[in-house]
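The structure file target_9.cif is reproduced below (mmCIF, C-alpha atoms).
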```
data_my_file
#
loop_
_atom_site.label_atom_id
_atom_site.label_comp_id
_atom_site.auth_asym_id
_atom_site.auth_seq_id
_atom_site.Cartn_x
_atom_site.Cartn_y
_atom_site.Cartn_z
CA MET A 1 118.44 123.26 210.13
CA ILE A 2 118.23 121.66 206.69
CA ALA A 3 116.04 123.59 204.26
CA GLN A 4 113.06 121.74 202.83
CA ARG A 5 114.00 120.37 199.43
CA ILE A 6 111.92 121.25 196.39
CA ASP A 7 111.59 119.13 193.26
CA LEU A 8 112.90 120.93 190.24
CA PRO A 9 110.09 122.56 188.20
CA GLN A 10 109.55 121.00 184.78
CA GLY A 11 111.82 122.42 182.08
CA THR A 12 114.28 124.22 184.35
CA LEU A 13 116.98 121.56 184.40
CA ASP A 14 118.37 122.64 181.02
CA LEU A 15 118.64 126.23 182.23
CA LEU A 16 120.46 125.18 185.40
CA ILE A 17 122.89 123.03 183.43
CA LEU A 18 123.67 125.87 181.03
CA ARG A 19 124.15 128.28 183.96
CA THR A 20 126.46 125.85 185.73
CA LEU A 21 128.55 125.35 182.61
CA ALA A 22 128.86 129.12 182.17
CA LEU A 23 131.30 128.88 185.09
CA GLY A 24 133.55 126.51 183.13
CA PRO A 25 133.72 122.93 181.80
CA GLN A 26 132.44 120.27 184.21
CA HIS A 27 131.67 116.56 184.19
CA GLY A 28 128.15 115.34 185.02
CA TRP A 29 128.78 114.56 188.67
CA ALA A 30 130.32 118.00 189.27
CA ILE A 31 127.36 119.69 187.53
CA SER A 32 124.98 117.88 189.86
CA GLU A 33 127.05 118.87 192.91
CA ARG A 34 127.32 122.49 191.74
CA VAL A 35 123.57 122.85 191.20
CA GLN A 36 123.00 121.42 194.65
CA GLN A 37 125.51 123.85 196.21
CA MET A 38 124.36 126.92 194.28
CA SER A 39 120.77 126.33 195.36
CA SER A 40 121.93 125.93 198.99
CA ASP A 41 120.70 122.33 198.84
CA VAL A 42 117.11 123.46 198.27
CA LEU A 43 116.68 122.01 194.78
CA ARG A 44 116.40 118.26 194.54
CA ILE A 45 117.42 116.68 191.26
CA GLN A 46 117.15 113.00 190.49
CA GLN A 47 120.79 112.67 189.49
CA GLY A 48 120.10 110.24 186.66
CA SER A 49 117.86 112.79 184.93
CA LEU A 50 120.90 114.97 184.37
CA TYR A 51 122.36 112.70 181.70
CA PRO A 52 119.47 112.60 179.20
CA ALA A 53 119.38 116.40 179.53
CA LEU A 54 123.13 116.67 178.87
CA HIS A 55 122.86 114.43 175.81
CA ARG A 56 119.88 116.41 174.53
CA LEU A 57 121.73 119.72 174.96
CA GLU A 58 124.75 118.27 173.18
CA ARG A 59 122.57 117.10 170.31
CA ARG A 60 121.09 120.61 170.04
CA GLY A 61 124.59 122.04 169.84
CA LEU A 62 124.19 124.05 173.05
CA ILE A 63 127.03 122.24 174.81
CA LYS A 64 130.10 120.35 173.63
CA ALA A 65 131.55 117.24 175.21
CA GLN A 66 135.03 115.84 175.38
CA TRP A 67 136.82 113.27 177.47
CA GLY A 68 139.42 114.50 179.93
CA THR A 69 140.95 113.74 183.30
CA SER A 70 138.99 114.40 186.46
CA GLU A 71 140.16 115.98 189.72
CA ASN A 72 140.84 112.48 191.06
CA ASN A 73 142.82 111.49 187.97
CA ARG A 74 140.16 109.42 186.28
CA ARG A 75 138.80 109.57 182.74
CA ALA A 76 135.62 111.62 182.71
CA LYS A 77 133.39 113.26 180.11
CA PHE A 78 133.50 117.04 180.41
CA TYR A 79 130.85 119.37 179.02
CA GLU A 80 131.28 123.01 178.09
CA LEU A 81 129.00 125.73 176.76
CA SER A 82 129.10 126.40 173.03
CA LYS A 83 128.61 129.87 171.59
CA LYS A 84 125.04 128.91 170.74
CA GLY A 85 124.56 127.64 174.30
CA ARG A 86 125.75 130.94 175.77
CA GLN A 87 123.19 132.79 173.64
CA GLN A 88 120.48 130.34 174.66
CA LEU A 89 121.38 130.84 178.32
CA GLU A 90 120.87 134.60 177.97
CA VAL A 91 117.50 134.11 176.28
CA GLU A 92 116.29 131.54 178.83
CA THR A 93 117.56 133.54 181.83
CA ASP A 94 115.68 136.59 180.58
CA ALA A 95 112.51 134.55 180.01
CA TRP A 96 112.81 132.96 183.47
CA GLN A 97 113.24 136.32 185.19
CA LYS A 98 110.19 137.71 183.41
CA LEU A 99 108.18 134.63 184.37
CA THR A 100 109.14 134.68 188.05
CA ALA A 101 108.54 138.45 188.27
CA ALA A 102 105.08 138.02 186.76
CA VAL A 103 104.19 135.12 189.07
CA ALA A 104 105.48 137.06 192.10
CA GLN A 105 103.36 140.04 191.04
CA VAL A 106 100.25 137.84 190.78
CA LEU A 107 100.94 136.42 194.23
CA GLY A 108 101.24 139.94 195.53
CA THR A 109 104.76 139.52 196.81
CA ALA A 110 106.50 141.81 194.31
CA MET B 1 120.12 121.32 162.79
CA PHE B 2 123.70 120.68 161.62
CA SER B 3 124.84 119.73 165.11
CA ASP B 4 121.86 117.37 165.35
CA PHE B 5 122.87 115.72 162.06
CA LEU B 6 126.51 115.36 163.17
CA PHE B 7 125.44 113.98 166.53
CA ARG B 8 123.33 111.27 164.93
CA LEU B 9 125.96 110.54 162.28
CA ARG B 10 128.54 110.05 165.03
CA TYR B 11 126.19 107.51 166.57
CA LEU B 12 125.85 105.63 163.27
CA LEU B 13 129.59 105.41 162.80
CA ARG B 14 130.42 104.62 166.41
CA SER B 15 127.25 103.17 167.93
CA SER B 16 128.97 100.53 170.11
CA ALA B 17 131.62 103.05 171.20
CA VAL B 18 128.88 105.56 172.08
CA GLU B 19 127.15 102.91 174.22
CA SER B 20 130.33 102.01 176.09
CA GLU B 21 131.07 105.72 176.59
CA LEU B 22 127.63 106.09 178.15
CA ASP B 23 128.38 103.16 180.48
CA GLU B 24 131.71 104.72 181.42
CA GLU B 25 130.18 108.15 182.01
CA LEU B 26 127.44 106.80 184.29
CA ARG B 27 129.88 104.50 186.11
CA PHE B 28 132.12 107.51 186.83
CA HIS B 29 129.17 109.39 188.34
CA LEU B 30 128.07 106.48 190.52
CA GLU B 31 131.60 105.77 191.77
CA ARG B 32 132.17 109.44 192.54
CA GLN B 33 128.92 109.65 194.49
CA VAL B 34 129.75 106.50 196.47
CA GLU B 35 133.17 108.03 197.33
CA LYS B 36 131.43 111.20 198.52
CA HIS B 37 129.16 109.24 200.84
CA LEU B 38 132.07 107.18 202.16
CA GLN B 39 133.85 110.43 203.03
CA GLU B 40 130.69 111.52 204.86
CA GLY B 41 131.03 108.42 207.04
CA LEU B 42 128.59 105.95 205.49
CA THR B 43 129.54 102.30 205.18
CA GLN B 44 130.20 100.92 201.70
CA GLU B 45 126.77 99.27 201.65
CA GLU B 46 124.97 102.40 202.86
CA ALA B 47 126.89 104.56 200.38
CA MET B 48 125.93 102.33 197.47
CA ARG B 49 122.30 102.19 198.56
CA GLN B 50 122.10 105.96 198.98
CA THR B 51 123.74 106.49 195.58
CA ARG B 52 121.24 104.19 193.87
CA LEU B 53 118.35 106.09 195.48
CA GLU B 54 119.73 109.47 194.42
CA PHE B 55 120.50 108.34 190.88
CA GLY B 56 117.33 106.47 189.94
CA GLY B 57 117.04 103.33 187.82
CA LEU B 58 120.15 102.84 185.70
CA ASP B 59 118.38 101.10 182.81
CA HIS B 60 115.76 103.83 182.72
CA VAL B 61 118.47 106.51 182.62
CA LYS B 62 120.28 104.73 179.79
CA GLU B 63 117.09 104.41 177.76
CA ALA B 64 116.33 108.10 178.35
CA CYS B 65 119.84 108.96 177.11
CA ARG B 66 119.24 106.94 173.95
CA GLU B 67 115.95 108.78 173.44
CA SER B 68 117.80 112.06 173.90
CA ARG B 69 120.33 111.11 171.24
CA GLY B 70 117.49 110.66 168.77
CA THR B 71 118.64 107.14 167.97
CA ALA B 72 116.00 105.18 169.85
CA PHE B 73 113.65 104.75 166.86
CA LEU B 74 116.30 103.07 164.72
CA GLU B 75 117.37 100.85 167.62
CA ARG B 76 113.83 99.80 168.47
CA LEU B 77 112.98 99.25 164.78
CA THR B 78 116.07 97.07 164.36
CA ARG B 79 115.12 94.98 167.40
CA LEU B 80 111.56 94.56 166.09
CA VAL B 81 112.70 93.50 162.62
CA ASP B 82 115.50 91.21 163.84
CA GLY B 83 113.11 89.39 166.15
CA SER B 84 110.22 89.15 163.68
CA GLY B 85 111.19 86.08 161.68
CA VAL B 86 110.47 88.03 158.49
CA PRO B 87 113.40 88.04 156.05
CA CYS B 88 114.22 91.72 156.04
CA ARG B 89 116.71 94.04 157.63
CA VAL B 90 117.10 97.63 158.74
CA SER B 91 119.83 99.98 157.62
CA GLY B 92 120.14 103.76 157.26
CA ILE B 93 120.91 106.43 159.82
CA PRO B 94 118.75 107.33 162.84
CA PRO B 95 116.63 110.04 161.14
CA MET B 96 116.48 108.06 157.87
CA PRO B 97 115.82 104.35 158.44
CA TYR B 98 115.66 101.98 155.49
CA MET B 99 114.01 98.58 155.42
CA THR B 100 114.96 95.96 152.85
CA PHE B 101 113.14 92.69 152.18
CA HIS B 102 115.13 89.63 151.08
CA GLN B 103 114.36 86.79 148.72
CA THR B 104 115.10 83.60 150.61
CA ALA B 105 116.76 80.53 149.06
CA GLY B 106 114.35 78.50 146.97
CA GLU B 107 111.57 81.04 146.98
CA GLY B 108 110.31 82.66 143.80
CA GLU B 109 110.47 86.39 143.13
CA ARG B 110 106.68 86.53 143.22
CA THR B 111 106.52 85.32 146.85
CA TYR B 112 109.12 87.74 148.07
CA LYS B 113 107.40 90.66 146.35
CA ALA B 114 104.00 89.54 147.69
CA ARG B 115 105.47 89.42 151.23
CA ARG B 116 106.83 92.93 150.88
CA GLU B 117 103.58 94.25 149.44
CA TYR B 118 101.59 92.56 152.19
CA PHE B 119 103.74 94.15 154.91
CA TYR B 120 103.38 97.67 153.51
CA THR B 121 99.63 97.17 153.00
CA GLN B 122 99.31 96.25 156.67
CA THR B 123 101.23 99.35 157.79
CA ILE B 124 98.91 101.55 155.70
CA ARG B 125 95.88 99.86 157.29
CA ARG B 126 97.32 100.94 160.64
CA GLY B 127 97.70 104.55 159.58
CA LEU B 128 101.37 104.46 158.64
CA PHE B 129 102.72 105.10 155.17
CA VAL B 130 106.42 104.41 154.78
CA GLN B 131 108.27 104.28 151.47
CA PRO B 132 108.86 100.71 150.28
CA PHE B 133 111.79 101.65 148.02
CA HIS B 134 113.32 104.60 149.76
CA HIS B 135 114.60 105.83 153.10
CA TRP B 136 111.96 106.90 155.58
CA TYR B 137 112.32 110.33 157.08
CA ILE B 138 111.82 111.31 160.69
CA ALA B 139 111.18 115.02 161.01
CA HIS B 140 111.45 117.31 164.03
CA ARG B 141 107.67 117.63 163.82
CA HIS B 142 107.20 113.91 164.65
CA THR B 143 106.40 113.49 168.32
CA ASP B 144 107.39 110.56 170.56
CA ALA B 145 103.76 109.43 170.34
CA ASP B 146 103.98 109.44 166.51
CA LEU B 147 107.11 107.32 166.62
CA ASP B 148 105.61 104.92 169.16
CA LYS B 149 102.54 104.54 166.95
CA ALA B 150 104.74 103.88 163.91
CA LEU B 151 106.63 101.15 165.76
CA TRP B 152 103.38 99.61 166.93
CA ALA B 153 102.09 99.55 163.31
CA ILE B 154 105.36 98.03 162.07
CA GLY B 155 105.38 95.44 164.84
CA GLU B 156 101.84 94.27 164.13
CA SER B 157 102.45 94.26 160.37
CA LEU B 158 105.58 92.16 160.83
CA GLU B 159 103.69 89.67 163.02
CA LEU B 160 100.96 89.28 160.39
CA THR B 161 103.53 88.99 157.62
CA ALA B 162 105.41 86.26 159.50
CA VAL B 163 102.17 84.27 159.87
CA LYS B 164 101.04 84.71 156.26
CA PHE B 165 104.47 84.02 154.76
CA PRO B 166 106.17 81.51 157.07
CA ILE B 167 109.80 80.72 156.29
#
```

Re-express the file's structure as structure tokens.
Amino acid sequence: MIAQRIDLPQGTLDLLILRTLALGPQHGWAISERVQQMSSDVLRIQQGSLYPALHRLERRGLIKAQWGTSENNRRAKFYELSKKGRQQLEVETDAWQKLTAAVAQVLGTA
Amino acid sequence: MFSDFLFRLRYLLRSSAVESELDEELRFHLERQVEKHLQEGLTQEEAMRQTRLEFGGLDHVKEACRESRGTAFLERLTRLVDGSGVPCRVSGIPPMPYMTFHQTAGEGERTYKARREYFYTQTIRRGLFVQPFHHWYIAHRHTDADLDKALWAIGESLELTAVKFPI
């Protein structure tokens, strides 16, 4: 049975991108696939929305981009976490965990 | 802040290359997604349709990428000015646009200065003060709504200037 898909909550896409890139450099399509897989296909991302987020993160210096060769031997733009991005990931992961714990507590499910 | 500056500077120096890189990056994604659907057993037509649905509007995505790069204001300002019929041009870098008015052939210095003064008076009347003889500065504090309002004020002021000082 396919799990019901949930639209990504506002503001969490950046966090998911940073987390995905913590596993190693990836191009945009692979990031989208990885997020889908890691969430067991529960999270639904409009794939196009990934690219403005990637460009914004690059502009903020949280990720770096460079062109390389993809798994199917084509030219692709790969992104990787910068040092600043790794620090930001830690901060945002911590904030997210605190938020979800607090919400769960309010809902009485903690 | 430094990475932001470098990012925008790279755009200034390589704006057409940055645009074609964006096209190439998005094309790679779309082709890869179509391949995935073909491997899942969809027909070419179904795979392309499904990919378009999953991706969203391409033009919208491209515009959002330009917004993300922080270069949209300069691009939109340039389009406004180039299409206005007012003899002026835009230069500068994305966070520091610069607008220069020209003296056209056969027109006196007084007319060209009056045109420039009229334009800047109209922007002030619309709540926008931009430096006539200096770069403008876009700060992190400026919101998208601020920038939209500035472009609206510039657009209207250019229209009025074109009517009052026809070439």

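Taking CA of Tyr118 (chain B) as the reference point, CA of Ala162 (chain B) is found at 10.4 Å.
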
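Every protein, DNA or RNA residue with an atom at most 9 Å from Pro87 (chain B), where only C-alpha atoms count and chain neighbours fewer than 3 positions away do not, is listed here: B:Val81, B:Asp82, B:Ser84, B:Thr100, B:Phe101, B:His102, B:Gln103, B:Thr104, B:Ala162, B:Ile167.
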
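Once region 128-138 of chain B and its same-chain neighbours fewer than 6 positions away are set aside, Gly92, Pro95, Met96, Pro97, Tyr98, Met99, Tyr120, Ala150 and Ala153 of chain B remain within 8 Å of it when counting all atoms listed in the file.
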
Any chance you could tabulate, as CSV, the residues of chain A at most 9 Å from chain B with each one's nearest atom pair and distance in Å to one decimal, using only C-alpha atoms, in chain and rising number order?
```
residue,atom,partner,partner_atom,distance
A:His27,CA,B:His29,CA,8.7
A:Gly28,CA,B:His29,CA,6.9
A:Trp29,CA,B:His29,CA,5.2
A:Ala30,CA,B:His29,CA,8.7
A:Ile45,CA,B:Glu54,CA,8.2
A:Gln46,CA,B:Phe55,CA,5.8
A:Gln47,CA,B:Phe55,CA,4.6
A:Gly48,CA,B:Phe55,CA,4.6
A:Ser49,CA,B:Val61,CA,6.7
A:Leu50,CA,B:Val61,CA,9.0
A:Tyr51,CA,B:Cys65,CA,6.4
A:Pro52,CA,B:Cys65,CA,4.2
A:Ala53,CA,B:Ser68,CA,7.3
A:Leu54,CA,B:Cys65,CA,8.6
A:His55,CA,B:Ser68,CA,5.9
A:Arg56,CA,B:Ser68,CA,4.9
A:Leu57,CA,B:Ser68,CA,8.7
A:Glu58,CA,B:Phe7,CA,7.9
A:Arg59,CA,B:Asp4,CA,5.0
A:Arg60,CA,B:Asp4,CA,5.8
A:Gly61,CA,B:Ser3,CA,5.3
A:Arg74,CA,B:Phe28,CA,8.3
A:Arg75,CA,B:Phe28,CA,8.1
A:Ala76,CA,B:Glu25,CA,6.5
A:Lys77,CA,B:Glu25,CA,6.3
```

Quick one: everything within 9 Å of Thr161 (chain B), counting all atoms listed in the file, minus sequence neighbours fewer than 5 positions away in the same chain. Send it as a PDB file with C-alpha atoms, in the frame of the given file.
```pdb
ATOM      1  CA  VAL B  86     110.470  88.030 158.490  1.00  0.00           C
ATOM      2  CA  ARG B 115     105.470  89.420 151.230  1.00  0.00           C
ATOM      3  CA  ARG B 116     106.830  92.930 150.880  1.00  0.00           C
ATOM      4  CA  TYR B 118     101.590  92.560 152.190  1.00  0.00           C
ATOM      5  CA  PHE B 119     103.740  94.150 154.910  1.00  0.00           C
ATOM      6  CA  GLN B 122      99.310  96.250 156.670  1.00  0.00           C
ATOM      7  CA  GLU B 156     101.840  94.270 164.130  1.00  0.00           C
ATOM      8  CA  PRO B 166     106.170  81.510 157.070  1.00  0.00           C
TER       9      PRO B 166
END
```

- Report as JSON, numbers by chain the residues that result from applying the PyMOL selection byres ((chain A and resi 15) around 12) to the structure here. {"A": [8, 9, 10, 11, 12, 13, 14, 16, 17, 18, 19, 20, 21, 22, 35, 50, 53, 54, 57, 62, 63, 81, 85, 86, 87, 88, 89, 90, 91, 92, 93, 94, 95, 96, 97]}

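As for CA of Ser70 (chain A) and CA of Pro25 (chain A), they are spaced 11.1 Å apart.
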
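Neighbours of Lys149 (chain B) closer than or equal to 9 Å, with all atoms listed in the file counted and sequence neighbours fewer than 3 positions away skipped, come out as Arg126, Gly127, Leu128, Asp144, Ala145, Asp146, Trp152, Ala153 and Ile154 of chain B.
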
- So how many Å separate CA of Cys88 (chain B) and CA of His142 (chain B), to one decimal? 24.8 Å

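Each of B:Leu38, B:Ala17, B:Leu151, B:Ala139 was checked against Arg76 (chain B) using only C-alpha atoms; the smallest atom-to-atom distance is that of B:Leu151.
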
- Query: the PyMOL selection byres ((chain A and resi 78) around 6) on the file shown: which residues, as a ChimeraX atom specification?
  - Reply: /A:26-27,65-67,77,79

Care to translate the PyMOL selection byres ((chain B and resi 74) around 8) into actual residues of this file, as a PDB file with C-alpha atoms, in the frame of the given file?
```
ATOM      1  CA  THR B  71     118.640 107.140 167.970  1.00  0.00           C
ATOM      2  CA  ALA B  72     116.000 105.180 169.850  1.00  0.00           C
ATOM      3  CA  PHE B  73     113.650 104.750 166.860  1.00  0.00           C
ATOM      4  CA  GLU B  75     117.370 100.850 167.620  1.00  0.00           C
ATOM      5  CA  ARG B  76     113.830  99.800 168.470  1.00  0.00           C
ATOM      6  CA  LEU B  77     112.980  99.250 164.780  1.00  0.00           C
ATOM      7  CA  THR B  78     116.070  97.070 164.360  1.00  0.00           C
ATOM      8  CA  ILE B  93     120.910 106.430 159.820  1.00  0.00           C
ATOM      9  CA  PRO B  94     118.750 107.330 162.840  1.00  0.00           C
ATOM     10  CA  PRO B  95     116.630 110.040 161.140  1.00  0.00           C
ATOM     11  CA  PRO B  97     115.820 104.350 158.440  1.00  0.00           C
TER      12      PRO B  97
END
```

Because the input lacks atoms here, generate N, CA and C atoms for region 56-81 of chain A and report them as an mmCIF file, in the frame of the given file.
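And here's out.cif as it stands now:
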```
data_model
loop_
_atom_site.group_PDB
_atom_site.id
_atom_site.type_symbol
_atom_site.label_atom_id
_atom_site.label_comp_id
_atom_site.auth_asym_id
_atom_site.auth_seq_id
_atom_site.Cartn_x
_atom_site.Cartn_y
_atom_site.Cartn_z
ATOM 1 N N ARG A 56 120.805 115.629 175.357
ATOM 2 C CA ARG A 56 119.880 116.410 174.530
ATOM 3 C C ARG A 56 120.491 117.779 174.190
ATOM 4 N N LEU A 57 121.112 118.403 175.187
ATOM 5 C CA LEU A 57 121.730 119.720 174.960
ATOM 6 C C LEU A 57 122.913 119.600 174.001
ATOM 7 N N GLU A 58 123.627 118.481 174.099
ATOM 8 C CA GLU A 58 124.750 118.270 173.180
ATOM 9 C C GLU A 58 124.231 118.096 171.754
ATOM 10 N N ARG A 59 123.165 117.321 171.631
ATOM 11 C CA ARG A 59 122.570 117.100 170.310
ATOM 12 C C ARG A 59 122.088 118.418 169.698
ATOM 13 N N ARG A 60 121.578 119.315 170.531
ATOM 14 C CA ARG A 60 121.090 120.610 170.040
ATOM 15 C C ARG A 60 122.224 121.592 169.795
ATOM 16 N N GLY A 61 123.431 121.175 170.094
ATOM 17 C CA GLY A 61 124.590 122.040 169.840
ATOM 18 C C GLY A 61 124.768 123.132 170.887
ATOM 19 N N LEU A 62 124.084 123.006 172.024
ATOM 20 C CA LEU A 62 124.190 124.050 173.050
ATOM 21 C C LEU A 62 125.387 123.804 173.970
ATOM 22 N N ILE A 63 125.816 122.561 174.050
ATOM 23 C CA ILE A 63 127.030 122.240 174.810
ATOM 24 C C ILE A 63 127.897 121.299 173.966
ATOM 25 N N LYS A 64 129.170 121.253 174.310
ATOM 26 C CA LYS A 64 130.100 120.350 173.630
ATOM 27 C C LYS A 64 130.688 119.415 174.675
ATOM 28 N N ALA A 65 130.992 118.192 174.251
ATOM 29 C CA ALA A 65 131.550 117.240 175.210
ATOM 30 C C ALA A 65 132.908 116.751 174.747
ATOM 31 N N GLN A 66 133.786 116.546 175.708
ATOM 32 C CA GLN A 66 135.030 115.840 175.380
ATOM 33 C C GLN A 66 135.581 115.151 176.624
ATOM 34 N N TRP A 67 136.276 114.047 176.364
ATOM 35 C CA TRP A 67 136.820 113.270 177.470
ATOM 36 C C TRP A 67 138.088 113.919 177.988
ATOM 37 N N GLY A 68 138.230 113.917 179.306
ATOM 38 C CA GLY A 68 139.420 114.500 179.930
ATOM 39 C C GLY A 68 139.731 113.759 181.218
ATOM 40 N N THR A 69 140.566 114.367 182.034
ATOM 41 C CA THR A 69 140.950 113.740 183.300
ATOM 42 C C THR A 69 140.314 114.505 184.453
ATOM 43 N N SER A 70 139.706 113.772 185.349
ATOM 44 C CA SER A 70 138.990 114.400 186.460
ATOM 45 C C SER A 70 139.935 114.833 187.575
ATOM 46 N N GLU A 71 139.372 115.501 188.589
ATOM 47 C CA GLU A 71 140.160 115.980 189.720
ATOM 48 C C GLU A 71 140.800 114.832 190.499
ATOM 49 N N ASN A 72 140.216 113.627 190.376
ATOM 50 C CA ASN A 72 140.840 112.480 191.060
ATOM 51 C C ASN A 72 141.530 111.550 190.053
ATOM 52 N N ASN A 73 141.967 112.178 188.954
ATOM 53 C CA ASN A 73 142.820 111.490 187.970
ATOM 54 C C ASN A 73 142.139 110.345 187.245
ATOM 55 N N ARG A 74 140.855 110.469 187.027
ATOM 56 C CA ARG A 74 140.160 109.420 186.280
ATOM 57 C C ARG A 74 139.604 110.014 184.994
ATOM 58 N N ARG A 75 139.345 109.116 184.012
ATOM 59 C CA ARG A 75 138.800 109.570 182.740
ATOM 60 C C ARG A 75 137.339 109.961 182.952
ATOM 61 N N ALA A 76 136.994 111.154 182.521
ATOM 62 C CA ALA A 76 135.620 111.620 182.710
ATOM 63 C C ALA A 76 135.200 112.450 181.494
ATOM 64 N N LYS A 77 133.909 112.498 181.259
ATOM 65 C CA LYS A 77 133.390 113.260 180.110
ATOM 66 C C LYS A 77 133.046 114.662 180.592
ATOM 67 N N PHE A 78 133.709 115.648 180.019
ATOM 68 C CA PHE A 78 133.500 117.040 180.410
ATOM 69 C C PHE A 78 132.606 117.739 179.384
ATOM 70 N N TYR A 79 131.743 118.590 179.891
ATOM 71 C CA TYR A 79 130.850 119.370 179.020
ATOM 72 C C TYR A 79 131.215 120.843 179.147
ATOM 73 N N GLU A 80 131.085 121.558 178.025
ATOM 74 C CA GLU A 80 131.280 123.010 178.090
ATOM 75 C C GLU A 80 130.261 123.711 177.210
ATOM 76 N N LEU A 81 129.987 124.959 177.530
ATOM 77 C CA LEU A 81 129.000 125.730 176.760
ATOM 78 C C LEU A 81 129.556 126.041 175.377
#
```
